[in-house]
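Here is the file query01.cif (mmCIF, C-alpha atoms and all ligand atoms).
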```
data_run
#
loop_
_atom_site.group_PDB
_atom_site.id
_atom_site.type_symbol
_atom_site.label_atom_id
_atom_site.label_comp_id
_atom_site.auth_asym_id
_atom_site.auth_seq_id
_atom_site.Cartn_x
_atom_site.Cartn_y
_atom_site.Cartn_z
ATOM 1 C CA MET J 3 -29.192 -30.377 -18.033
ATOM 2 C CA LYS J 4 -26.442 -32.983 -17.944
ATOM 3 C CA GLU J 5 -24.434 -33.889 -21.010
ATOM 4 C CA ALA J 6 -24.884 -37.527 -22.096
ATOM 5 C CA VAL J 7 -22.900 -37.676 -25.340
ATOM 6 C CA VAL J 8 -20.394 -35.135 -26.595
ATOM 7 C CA VAL J 9 -19.205 -35.657 -30.165
ATOM 8 C CA LYS J 10 -16.100 -33.527 -30.714
ATOM 9 C CA ASN J 11 -14.776 -32.913 -34.226
ATOM 10 C CA VAL J 12 -15.306 -36.548 -35.160
ATOM 11 C CA SER J 13 -14.274 -37.866 -38.578
ATOM 12 C CA LYS J 14 -14.159 -41.322 -40.103
ATOM 13 C CA LYS J 15 -11.927 -41.822 -43.111
ATOM 14 C CA TYR J 16 -11.875 -44.942 -45.272
ATOM 15 C CA ARG J 17 -9.340 -45.797 -47.995
ATOM 16 C CA MET J 18 -10.983 -46.322 -51.369
ATOM 17 C CA TYR J 19 -9.533 -48.425 -54.172
ATOM 18 C CA ARG J 20 -10.600 -49.058 -57.730
ATOM 19 C CA SER J 21 -9.020 -52.511 -57.830
ATOM 20 C CA LYS J 22 -7.279 -55.179 -55.772
ATOM 21 C CA LYS J 23 -4.052 -54.115 -57.517
ATOM 22 C CA GLU J 24 -4.443 -50.555 -56.192
ATOM 23 C CA GLN J 25 -5.085 -51.918 -52.704
ATOM 24 C CA LEU J 26 -1.952 -54.067 -52.837
ATOM 25 C CA LYS J 27 0.132 -51.160 -54.123
ATOM 26 C CA ASP J 28 -1.117 -48.989 -51.247
ATOM 27 C CA LEU J 29 -0.081 -51.732 -48.832
ATOM 28 C CA LEU J 30 3.426 -52.006 -50.275
ATOM 29 C CA LEU J 31 3.943 -48.300 -51.016
ATOM 30 C CA PRO J 32 1.625 -46.461 -48.603
ATOM 31 C CA GLY J 33 -0.021 -43.418 -50.132
ATOM 32 C CA LYS J 34 0.901 -44.314 -53.723
ATOM 33 C CA ALA J 35 -2.540 -45.660 -54.646
ATOM 34 C CA GLY J 36 -6.139 -45.256 -53.518
ATOM 35 C CA LYS J 37 -7.692 -42.225 -51.884
ATOM 36 C CA ASN J 38 -9.190 -41.173 -48.594
ATOM 37 C CA PHE J 39 -12.944 -40.882 -48.317
ATOM 38 C CA ASN J 40 -14.600 -39.007 -45.459
ATOM 39 C CA ALA J 41 -17.604 -41.109 -44.425
ATOM 40 C CA VAL J 42 -18.083 -38.649 -41.542
ATOM 41 C CA ASP J 43 -16.354 -35.295 -41.680
ATOM 42 C CA ASP J 44 -15.648 -33.153 -38.625
ATOM 43 C CA VAL J 45 -18.972 -33.584 -36.836
ATOM 44 C CA SER J 46 -19.548 -32.003 -33.417
ATOM 45 C CA LEU J 47 -22.742 -32.183 -31.398
ATOM 46 C CA THR J 48 -23.884 -32.518 -27.806
ATOM 47 C CA ALA J 49 -26.769 -34.662 -26.584
ATOM 48 C CA TYR J 50 -28.157 -34.048 -23.095
ATOM 49 C CA GLU J 51 -29.709 -36.681 -20.850
ATOM 50 C CA GLY J 52 -33.229 -37.368 -22.078
ATOM 51 C CA ASP J 53 -32.617 -36.049 -25.584
ATOM 52 C CA VAL J 54 -34.158 -38.048 -28.404
ATOM 53 C CA ILE J 55 -32.211 -37.196 -31.523
ATOM 54 C CA GLY J 56 -33.163 -38.214 -35.046
ATOM 55 C CA LEU J 57 -30.377 -38.703 -37.591
ATOM 56 C CA VAL J 58 -31.523 -37.939 -41.130
ATOM 57 C CA GLY J 59 -29.875 -37.640 -44.529
ATOM 58 C CA ILE J 60 -30.027 -39.299 -47.925
ATOM 59 C CA ASN J 61 -28.376 -42.699 -48.587
ATOM 60 C CA GLY J 62 -24.668 -42.664 -47.879
ATOM 61 C CA SER J 63 -24.723 -39.369 -45.966
ATOM 62 C CA GLY J 64 -22.981 -40.972 -42.947
ATOM 63 C CA LYS J 65 -25.816 -41.736 -40.500
ATOM 64 C CA SER J 66 -24.820 -45.352 -39.734
ATOM 65 C CA THR J 67 -21.126 -44.523 -39.528
ATOM 66 C CA LEU J 68 -21.845 -41.761 -37.017
ATOM 67 C CA SER J 69 -24.291 -43.867 -35.000
ATOM 68 C CA ASN J 70 -21.845 -46.802 -34.935
ATOM 69 C CA MET J 71 -19.149 -44.466 -33.633
ATOM 70 C CA ILE J 72 -21.519 -43.152 -30.951
ATOM 71 C CA GLY J 73 -22.341 -46.769 -30.071
ATOM 72 C CA GLY J 74 -18.656 -47.661 -29.822
ATOM 73 C CA ILE J 75 -18.802 -50.217 -32.650
ATOM 74 C CA VAL J 76 -16.552 -48.222 -35.000
ATOM 75 C CA PRO J 77 -13.663 -46.061 -33.730
ATOM 76 C CA PRO J 78 -13.354 -42.514 -35.112
ATOM 77 C CA THR J 79 -10.280 -41.749 -37.238
ATOM 78 C CA THR J 80 -9.953 -38.375 -35.519
ATOM 79 C CA GLY J 81 -11.890 -36.538 -32.831
ATOM 80 C CA GLU J 82 -13.433 -37.964 -29.699
ATOM 81 C CA ILE J 83 -16.788 -39.083 -28.303
ATOM 82 C CA ILE J 84 -17.393 -38.665 -24.584
ATOM 83 C CA LYS J 85 -20.259 -40.674 -23.085
ATOM 84 C CA THR J 86 -21.555 -40.701 -19.538
ATOM 85 C CA GLY J 87 -23.343 -44.064 -19.570
ATOM 86 C CA ASP J 88 -23.782 -47.566 -21.009
ATOM 87 C CA THR J 89 -24.639 -47.563 -24.677
ATOM 88 C CA HIS J 90 -26.467 -50.141 -26.768
ATOM 89 C CA VAL J 91 -26.828 -50.167 -30.514
ATOM 90 C CA ILE J 92 -29.779 -51.825 -32.222
ATOM 91 C CA ALA J 93 -29.110 -51.952 -35.929
ATOM 92 C CA ILE J 94 -31.043 -53.423 -38.818
ATOM 93 C CA ASN J 95 -28.593 -56.342 -38.859
ATOM 94 C CA ALA J 96 -28.619 -56.302 -35.050
ATOM 95 C CA GLY J 97 -25.014 -57.533 -34.578
ATOM 96 C CA LEU J 98 -26.155 -61.062 -33.824
ATOM 97 C CA ASN J 99 -24.144 -64.249 -34.357
ATOM 98 C CA ASN J 100 -25.722 -65.948 -37.374
ATOM 99 C CA GLU J 101 -24.552 -69.447 -36.446
ATOM 100 C CA LEU J 102 -26.152 -69.376 -32.984
ATOM 101 C CA THR J 103 -29.868 -69.842 -32.307
ATOM 102 C CA GLY J 104 -31.999 -66.972 -31.031
ATOM 103 C CA MET J 105 -31.862 -68.461 -27.536
ATOM 104 C CA GLU J 106 -28.054 -68.826 -27.683
ATOM 105 C CA ASN J 107 -27.746 -65.255 -28.932
ATOM 106 C CA ILE J 108 -29.755 -64.051 -25.938
ATOM 107 C CA GLU J 109 -27.378 -65.803 -23.569
ATOM 108 C CA PHE J 110 -24.283 -64.705 -25.494
ATOM 109 C CA LYS J 111 -25.283 -61.043 -25.681
ATOM 110 C CA CYS J 112 -26.400 -60.983 -22.039
ATOM 111 C CA LEU J 113 -23.003 -62.395 -21.014
ATOM 112 C CA LEU J 114 -21.297 -59.708 -23.127
ATOM 113 C CA MET J 115 -23.399 -57.107 -21.336
ATOM 114 C CA GLY J 116 -21.987 -58.428 -18.066
ATOM 115 C CA PHE J 117 -25.159 -60.042 -16.672
ATOM 116 C CA ASN J 118 -24.794 -62.926 -14.212
ATOM 117 C CA LYS J 119 -26.505 -66.315 -14.629
ATOM 118 C CA ALA J 120 -29.420 -65.491 -12.332
ATOM 119 C CA LYS J 121 -30.164 -62.231 -14.177
ATOM 120 C CA ILE J 122 -29.976 -63.991 -17.551
ATOM 121 C CA GLU J 123 -32.407 -66.661 -16.340
ATOM 122 C CA ARG J 124 -34.795 -63.989 -15.075
ATOM 123 C CA LEU J 125 -34.629 -61.874 -18.262
ATOM 124 C CA THR J 126 -34.719 -64.627 -20.902
ATOM 125 C CA PRO J 127 -38.509 -65.275 -20.794
ATOM 126 C CA GLU J 128 -39.169 -61.505 -21.032
ATOM 127 C CA ILE J 129 -36.826 -61.193 -24.018
ATOM 128 C CA VAL J 130 -38.384 -64.212 -25.736
ATOM 129 C CA ALA J 131 -41.891 -62.832 -25.171
ATOM 130 C CA PHE J 132 -40.975 -59.336 -26.395
ATOM 131 C CA SER J 133 -39.324 -60.755 -29.532
ATOM 132 C CA GLU J 134 -42.546 -62.509 -30.646
ATOM 133 C CA LEU J 135 -40.406 -65.148 -32.379
ATOM 134 C CA GLY J 136 -42.214 -68.201 -31.000
ATOM 135 C CA ASP J 137 -40.419 -71.470 -31.817
ATOM 136 C CA PHE J 138 -38.050 -69.630 -34.169
ATOM 137 C CA ILE J 139 -36.138 -68.699 -31.035
ATOM 138 C CA TYR J 140 -34.607 -72.227 -31.238
ATOM 139 C CA GLN J 141 -33.541 -71.788 -34.867
ATOM 140 C CA PRO J 142 -30.150 -70.413 -35.974
ATOM 141 C CA VAL J 143 -30.318 -66.695 -36.679
ATOM 142 C CA LYS J 144 -29.111 -67.293 -40.279
ATOM 143 C CA LYS J 145 -32.624 -68.604 -40.948
ATOM 144 C CA TYR J 146 -34.229 -65.335 -39.788
ATOM 145 C CA SER J 147 -35.557 -62.571 -42.022
ATOM 146 C CA SER J 148 -34.142 -59.080 -41.389
ATOM 147 C CA GLY J 149 -37.374 -58.212 -39.555
ATOM 148 C CA MET J 150 -36.930 -61.201 -37.230
ATOM 149 C CA LYS J 151 -33.288 -60.316 -36.524
ATOM 150 C CA SER J 152 -34.289 -56.790 -35.736
ATOM 151 C CA LYS J 153 -37.009 -58.039 -33.342
ATOM 152 C CA LEU J 154 -34.506 -60.212 -31.472
ATOM 153 C CA GLY J 155 -31.867 -57.449 -31.399
ATOM 154 C CA PHE J 156 -34.434 -54.957 -30.134
ATOM 155 C CA ALA J 157 -35.768 -57.312 -27.447
ATOM 156 C CA ILE J 158 -32.262 -58.074 -26.114
ATOM 157 C CA SER J 159 -31.036 -54.482 -26.140
ATOM 158 C CA VAL J 160 -34.025 -52.958 -24.370
ATOM 159 C CA SER J 161 -33.804 -55.607 -21.645
ATOM 160 C CA ALA J 162 -30.348 -54.273 -20.848
ATOM 161 C CA ASP J 163 -31.838 -50.935 -19.781
ATOM 162 C CA PRO J 164 -28.984 -48.884 -21.260
ATOM 163 C CA ASP J 165 -28.485 -45.161 -20.518
ATOM 164 C CA ILE J 166 -27.912 -44.406 -24.185
ATOM 165 C CA LEU J 167 -29.694 -46.240 -26.966
ATOM 166 C CA VAL J 168 -28.749 -46.067 -30.654
ATOM 167 C CA ILE J 169 -31.421 -47.378 -33.015
ATOM 168 C CA ASP J 170 -30.295 -47.688 -36.614
ATOM 169 C CA GLU J 171 -33.208 -48.402 -38.964
ATOM 170 C CA ALA J 172 -34.210 -51.252 -36.641
ATOM 171 C CA LEU J 173 -37.870 -50.246 -36.785
ATOM 172 C CA SER J 174 -38.040 -50.078 -40.552
ATOM 173 C CA VAL J 175 -38.172 -53.827 -41.181
ATOM 174 C CA GLY J 176 -40.635 -55.180 -38.623
ATOM 175 C CA ASP J 177 -44.397 -55.311 -38.874
ATOM 176 C CA GLN J 178 -46.588 -52.444 -37.663
ATOM 177 C CA THR J 179 -47.598 -54.159 -34.401
ATOM 178 C CA PHE J 180 -43.996 -54.727 -33.409
ATOM 179 C CA THR J 181 -43.009 -51.202 -34.457
ATOM 180 C CA ASN J 182 -45.774 -49.736 -32.277
ATOM 181 C CA LYS J 183 -44.769 -51.899 -29.324
ATOM 182 C CA SER J 184 -41.120 -50.847 -29.793
ATOM 183 C CA LEU J 185 -42.096 -47.186 -30.038
ATOM 184 C CA ASP J 186 -44.025 -47.575 -26.756
ATOM 185 C CA ARG J 187 -40.911 -49.070 -25.133
ATOM 186 C CA MET J 188 -38.814 -46.217 -26.543
ATOM 187 C CA ASN J 189 -41.281 -43.731 -25.079
ATOM 188 C CA GLU J 190 -40.782 -45.379 -21.670
ATOM 189 C CA PHE J 191 -37.034 -44.911 -22.127
ATOM 190 C CA LYS J 192 -37.635 -41.293 -23.047
ATOM 191 C CA GLU J 193 -39.789 -40.724 -19.943
ATOM 192 C CA ASN J 194 -37.065 -42.282 -17.798
ATOM 193 C CA GLY J 195 -34.607 -39.677 -19.047
ATOM 194 C CA LYS J 196 -32.536 -41.969 -21.313
ATOM 195 C CA THR J 197 -30.768 -40.577 -24.338
ATOM 196 C CA ILE J 198 -31.758 -41.975 -27.723
ATOM 197 C CA PHE J 199 -30.262 -41.636 -31.203
ATOM 198 C CA PHE J 200 -32.732 -42.721 -33.845
ATOM 199 C CA VAL J 201 -31.645 -43.311 -37.454
ATOM 200 C CA SER J 202 -34.542 -43.515 -39.872
ATOM 201 C CA HIS J 203 -35.736 -42.705 -43.368
ATOM 202 C CA ASN J 204 -39.278 -42.622 -41.958
ATOM 203 C CA LEU J 205 -39.738 -38.886 -41.512
ATOM 204 C CA GLY J 206 -43.158 -39.361 -39.874
ATOM 205 C CA GLN J 207 -41.555 -41.430 -37.087
ATOM 206 C CA ILE J 208 -38.732 -38.914 -36.713
ATOM 207 C CA LYS J 209 -41.185 -36.021 -36.342
ATOM 208 C CA LYS J 210 -43.360 -37.924 -33.891
ATOM 209 C CA PHE J 211 -40.620 -39.278 -31.708
ATOM 210 C CA CYS J 212 -37.599 -36.950 -31.715
ATOM 211 C CA GLN J 213 -37.280 -33.506 -30.208
ATOM 212 C CA LYS J 214 -33.991 -32.777 -31.983
ATOM 213 C CA VAL J 215 -32.708 -33.702 -35.419
ATOM 214 C CA ALA J 216 -29.192 -33.906 -36.858
ATOM 215 C CA TRP J 217 -29.131 -33.692 -40.657
ATOM 216 C CA LEU J 218 -26.083 -35.168 -42.346
ATOM 217 C CA GLU J 219 -25.105 -34.357 -45.892
ATOM 218 C CA GLY J 220 -21.982 -35.744 -47.524
ATOM 219 C CA GLY J 221 -20.624 -36.778 -44.108
ATOM 220 C CA LYS J 222 -20.950 -33.267 -42.685
ATOM 221 C CA LEU J 223 -23.441 -32.015 -40.143
ATOM 222 C CA LYS J 224 -25.593 -29.701 -42.217
ATOM 223 C CA LYS J 225 -27.985 -28.691 -39.449
ATOM 224 C CA TYR J 226 -28.673 -29.678 -35.832
ATOM 225 C CA GLY J 227 -31.503 -28.314 -33.740
ATOM 226 C CA PRO J 228 -35.176 -28.607 -32.768
ATOM 227 C CA THR J 229 -37.080 -31.147 -34.903
ATOM 228 C CA GLU J 230 -39.542 -28.667 -36.397
ATOM 229 C CA GLU J 231 -36.825 -26.262 -37.501
ATOM 230 C CA VAL J 232 -34.546 -28.879 -39.066
ATOM 231 C CA MET J 233 -37.318 -30.972 -40.610
ATOM 232 C CA GLU J 234 -38.913 -27.975 -42.321
ATOM 233 C CA GLU J 235 -35.682 -27.404 -44.205
ATOM 234 C CA TYR J 236 -34.875 -31.095 -44.684
ATOM 235 C CA GLU J 237 -38.286 -31.886 -46.141
ATOM 236 C CA LYS J 238 -37.914 -29.008 -48.599
ATOM 237 C CA PHE J 239 -34.543 -30.451 -49.616
ATOM 238 C CA ILE J 240 -35.989 -33.987 -49.988
ATOM 239 C CA ASP J 241 -38.927 -32.706 -52.078
ATOM 240 C CA HIS J 242 -36.496 -30.864 -54.320
ATOM 241 C CA TYR J 243 -34.154 -33.903 -54.522
ATOM 242 C CA LYS J 244 -37.010 -36.259 -55.429
ATOM 243 C CA LYS J 245 -38.077 -33.970 -58.260
ATOM 244 C CA LEU J 246 -34.619 -34.113 -59.853
ATOM 245 C CA SER J 247 -34.128 -36.447 -62.798
ATOM 246 C CA LYS J 248 -32.075 -39.634 -62.255
ATOM 247 C CA LYS J 249 -29.184 -37.910 -64.060
ATOM 248 C CA GLU J 250 -29.394 -34.800 -61.864
ATOM 249 C CA GLN J 251 -29.543 -36.921 -58.693
ATOM 250 C CA GLU J 252 -26.458 -38.818 -59.879
ATOM 251 C CA ALA J 253 -24.664 -35.499 -60.573
ATOM 252 C CA PHE J 254 -25.540 -34.314 -57.038
ATOM 253 C CA ARG J 255 -24.156 -37.541 -55.532
ATOM 254 C CA VAL J 256 -20.940 -37.382 -57.612
ATOM 255 C CA GLU J 257 -20.406 -33.732 -56.656
ATOM 256 C CA THR J 258 -20.982 -34.498 -52.933
ATOM 257 C CA ALA J 259 -18.686 -37.552 -53.093
ATOM 258 C CA LYS J 260 -15.902 -35.435 -54.671
ATOM 259 C CA ARG J 261 -16.020 -33.049 -51.726
ATOM 260 C CA ARG J 262 -15.524 -36.040 -49.388
ATOM 261 C CA GLU J 263 -12.158 -37.057 -50.842
ATOM 262 C CA GLY J 264 -8.896 -36.282 -49.114
HETATM 263 N N1 LIG T 301 -16.425 -49.978 -44.037
HETATM 264 C C1 LIG T 301 -16.488 -49.068 -45.015
HETATM 265 N N2 LIG T 301 -15.523 -48.973 -45.950
HETATM 266 C C2 LIG T 301 -15.582 -48.055 -46.935
HETATM 267 N N3 LIG T 301 -16.570 -47.134 -47.053
HETATM 268 C C3 LIG T 301 -17.568 -47.167 -46.145
HETATM 269 C C4 LIG T 301 -17.582 -48.131 -45.069
HETATM 270 N N4 LIG T 301 -18.700 -47.899 -44.324
HETATM 271 C C5 LIG T 301 -19.349 -46.862 -44.898
HETATM 272 N N5 LIG T 301 -18.658 -46.430 -45.998
HETATM 273 C C6 LIG T 301 -19.055 -45.335 -46.876
HETATM 274 O O1 LIG T 301 -19.321 -44.199 -46.071
HETATM 275 C C7 LIG T 301 -20.446 -43.490 -46.572
HETATM 276 C C8 LIG T 301 -21.473 -43.336 -45.443
HETATM 277 O O2 LIG T 301 -22.073 -44.604 -45.206
HETATM 278 P P1 LIG T 301 -23.212 -44.799 -44.114
HETATM 279 O O3 LIG T 301 -23.584 -46.238 -44.141
HETATM 280 O O4 LIG T 301 -22.758 -44.208 -42.846
HETATM 281 O O5 LIG T 301 -24.388 -43.909 -44.713
HETATM 282 P P2 LIG T 301 -25.938 -43.850 -44.312
HETATM 283 O O6 LIG T 301 -26.302 -42.407 -44.254
HETATM 284 O O7 LIG T 301 -26.174 -44.655 -43.087
HETATM 285 O O8 LIG T 301 -26.621 -44.530 -45.575
HETATM 286 P P3 LIG T 301 -28.004 -45.342 -45.744
HETATM 287 O O9 LIG T 301 -29.112 -44.387 -45.534
HETATM 288 O O10 LIG T 301 -27.915 -45.808 -47.166
HETATM 289 O O11 LIG T 301 -27.973 -46.479 -44.759
HETATM 290 C C9 LIG T 301 -20.971 -44.269 -47.777
HETATM 291 O O12 LIG T 301 -20.491 -43.651 -48.957
HETATM 292 C C10 LIG T 301 -20.368 -45.637 -47.594
HETATM 293 O O13 LIG T 301 -20.116 -46.250 -48.843
#
```

Starting from the coordinates I provided, produce the structure as structure tokens.
Ligand SMILES: Nc1ncnc2c1ncn2[C@@H]1O[C@H](COP(=O)(O)OP(=O)(O)OP(=O)(O)O)[C@@H](O)[C@H]1O
Amino acid sequence: MKEAVVVKNVSKKYRMYRSKKEQLKDLLLPGKAGKNFNAVDDVSLTAYEGDVIGLVGINGSGKSTLSNMIGGIVPPTTGEIIKTGDTHVIAINAGLNNELTGMENIEFKCLLMGFNKAKIERLTPEIVAFSELGDFIYQPVKKYSSGMKSKLGFAISVSADPDILVIDEALSVGDQTFTNKSLDRMNEFKENGKTIFFVSHNLGQIKKFCQKVAWLEGGKLKKYGPTEEVMEEYEKFIDHYKKLSKKEQEAFRVETAKRREG
């Protein structure tokens, strides 16, 4: 089995401020105000070619930060990520330019992906058809719903045929027909030995689609392994968490956030 993505002791720290004044003070006298917050804290994992890995965890646990680092959108503060192929990220907000139309975004993103004019002309009708946007393809993306943006982002990214695909909640906003079609396309990717990271709160989809799961809690990797093993424990945790009162859930979040400082 060949390694596709190696995440080595990766952390992402952000500075947190309570006010603009604190932020300014930190700028003038570095370290005198604000505090560090570990969005992702010393995570290591290896994905092999053909692995489909689900990223789970409650809100704020660090899934998007980690997937954006794997996708190369956000640089790690420390640690390194070694990848053996092209990577594309499809996120809920899809990274599209809001001022451009759907059609212009297709051209723009294809150019960024290094496609030549002939390839763009060949792929555009396929992308438009996959996106199911009809005449909305000529409208600026700022007029799209989040589901429509996600459809366009998904259609463009899968046309690129990347080696590594990062899907961040992109299937949670579309309609069922589009989700099923996208899952079919992802299954094709899987069969072709591509590596996929799949961020979702939909545990049914995770269990159906992923053969490995990484569970993040408070920015740390709590457990990583075969889906069945990790999900059994994660679902117990989620059941327990859901049964807590609002106050107890808040106490859990405050306690976890405290451990992330520094
Ligand atoms: N640019 C940023 N600046 C400051 N803090 C950030 C930034 N991005 C993320 N964070 C913080 O890092 C933590 C992890 O965020 P992240 O979006 O990765 O979590 P998540 O697991 O994807 O959450 P969700 O399920 O709600 O999408 C959160 O506490 C968030 O507030």

Taking the file as shown, find all residues satisfying the PyMOL selection byres (((chain J and resi 70) around 12) and not hetatm) and write them as a ChimeraX atom specification. /J:14,41-42,64-69,71-78,83,89-94,96-97,167-170,199-201

Atom pair CA of Gly195 (chain J) / CA of Leu98 (chain J): separation (Å):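 Computing it gives 27.3 Å between the two atoms.
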
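A straight line drawn from CA of Leu26 (chain J) to atom C1 of ligand LIG 301 (chain T) is 17.2 Å long.
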
Would you write out, as a PyMOL selection string, every residue that the PyMOL selection byres (((chain J and resi 164) around 8) and not hetatm) captures in this file? chain J and resi 87-90+159-160+162-163+165-167+196

Determine the residue set returned by the PyMOL selection byres (((chain J and resi 181-192) around 10) and not hetatm) for the present structure, and present it as a CSV table (one decimal) with C-alpha atoms, in the coordinates of the input.
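The new file expr_7.csv reads:
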```csv
chain,number,residue,atom,x,y,z
J,51,GLU,CA,-29.7,-36.7,-20.8
J,52,GLY,CA,-33.2,-37.4,-22.1
J,53,ASP,CA,-32.6,-36.0,-25.6
J,54,VAL,CA,-34.2,-38.0,-28.4
J,132,PHE,CA,-41.0,-59.3,-26.4
J,153,LYS,CA,-37.0,-58.0,-33.3
J,156,PHE,CA,-34.4,-55.0,-30.1
J,157,ALA,CA,-35.8,-57.3,-27.4
J,160,VAL,CA,-34.0,-53.0,-24.4
J,163,ASP,CA,-31.8,-50.9,-19.8
J,164,PRO,CA,-29.0,-48.9,-21.3
J,165,ASP,CA,-28.5,-45.2,-20.5
J,166,ILE,CA,-27.9,-44.4,-24.2
J,167,LEU,CA,-29.7,-46.2,-27.0
J,169,ILE,CA,-31.4,-47.4,-33.0
J,172,ALA,CA,-34.2,-51.3,-36.6
J,173,LEU,CA,-37.9,-50.2,-36.8
J,174,SER,CA,-38.0,-50.1,-40.6
J,175,VAL,CA,-38.2,-53.8,-41.2
J,176,GLY,CA,-40.6,-55.2,-38.6
J,177,ASP,CA,-44.4,-55.3,-38.9
J,178,GLN,CA,-46.6,-52.4,-37.7
J,179,THR,CA,-47.6,-54.2,-34.4
J,180,PHE,CA,-44.0,-54.7,-33.4
J,193,GLU,CA,-39.8,-40.7,-19.9
J,194,ASN,CA,-37.1,-42.3,-17.8
J,195,GLY,CA,-34.6,-39.7,-19.0
J,196,LYS,CA,-32.5,-42.0,-21.3
J,197,THR,CA,-30.8,-40.6,-24.3
J,198,ILE,CA,-31.8,-42.0,-27.7
J,207,GLN,CA,-41.6,-41.4,-37.1
J,211,PHE,CA,-40.6,-39.3,-31.7
J,212,CYS,CA,-37.6,-37.0,-31.7
```

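Here atom O2 of ligand LIG 301 (chain T) and CA of Glu101 (chain J) stand 26.5 Å from one another.
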
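Restricting the calculation to only C-alpha atoms and all ligand atoms, the smallest distance between ligand LIG 301 (chain T) and any of J:Lys111, J:Lys4, J:Lys37, J:Lys248 is found for J:Lys37.
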
For Val7 (chain J), work out the shell of residues within 7 Å, counting all atoms listed in the file and skipping chain neighbours fewer than 6 positions away, then give it as a list in words.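 Within the cut-off, the hits are Thr48, Ala49, Tyr50, Ile83, Ile84, Lys85 and Thr86 of chain J.
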
Point out the residue among J:Gly221, J:Gly59, J:Gly36, J:Gly116 with the least atom-to-atom distance to Tyr236 (chain J), counting only C-alpha atoms. J:Gly59

Could you complete region 138-154 of chain J so that it carries N, CA and C atoms, and give it back as a tab-separated table (two decimals), keeping the file's coordinate frame?
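Result went into selection-v1.tsv, see below:
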```
chain	number	residue	atom	x	y	z
J	138	PHE	N	-39.23	-70.03	-33.41
J	138	PHE	CA	-38.05	-69.63	-34.17
J	138	PHE	C	-36.88	-69.28	-33.26
J	139	ILE	N	-37.19	-69.05	-31.99
J	139	ILE	CA	-36.14	-68.70	-31.04
J	139	ILE	C	-35.11	-69.84	-30.92
J	140	TYR	N	-35.52	-71.07	-31.30
J	140	TYR	CA	-34.61	-72.23	-31.24
J	140	TYR	C	-33.90	-72.48	-32.57
J	141	GLN	N	-34.18	-71.63	-33.55
J	141	GLN	CA	-33.54	-71.79	-34.87
J	141	GLN	C	-32.30	-70.90	-34.96
J	142	PRO	N	-31.31	-71.30	-35.80
J	142	PRO	CA	-30.15	-70.41	-35.97
J	142	PRO	C	-30.58	-69.10	-36.63
J	143	VAL	N	-29.92	-68.03	-36.21
J	143	VAL	CA	-30.32	-66.69	-36.68
J	143	VAL	C	-30.16	-66.55	-38.20
J	144	LYS	N	-29.28	-67.39	-38.81
J	144	LYS	CA	-29.11	-67.29	-40.28
J	144	LYS	C	-30.41	-67.65	-41.01
J	145	LYS	N	-31.34	-68.27	-40.30
J	145	LYS	CA	-32.62	-68.60	-40.95
J	145	LYS	C	-33.66	-67.49	-40.74
J	146	TYR	N	-33.28	-66.42	-40.07
J	146	TYR	CA	-34.23	-65.33	-39.79
J	146	TYR	C	-34.30	-64.35	-40.96
J	147	SER	N	-35.45	-63.71	-41.10
J	147	SER	CA	-35.56	-62.57	-42.02
J	147	SER	C	-34.95	-61.36	-41.31
J	148	SER	N	-34.72	-60.25	-42.05
J	148	SER	CA	-34.14	-59.08	-41.39
J	148	SER	C	-35.09	-58.53	-40.32
J	149	GLY	N	-36.41	-58.66	-40.56
J	149	GLY	CA	-37.37	-58.21	-39.56
J	149	GLY	C	-37.25	-59.02	-38.26
J	150	MET	N	-37.05	-60.34	-38.41
J	150	MET	CA	-36.93	-61.20	-37.23
J	150	MET	C	-35.65	-60.90	-36.46
J	151	LYS	N	-34.56	-60.65	-37.19
J	151	LYS	CA	-33.29	-60.32	-36.52
J	151	LYS	C	-33.44	-59.03	-35.73
J	152	SER	N	-34.11	-58.08	-36.38
J	152	SER	CA	-34.29	-56.79	-35.74
J	152	SER	C	-35.15	-56.92	-34.47
J	153	LYS	N	-36.16	-57.80	-34.52
J	153	LYS	CA	-37.01	-58.04	-33.34
J	153	LYS	C	-36.18	-58.60	-32.19
J	154	LEU	N	-35.33	-59.60	-32.52
J	154	LEU	CA	-34.51	-60.21	-31.47
J	154	LEU	C	-33.51	-59.19	-30.91
```
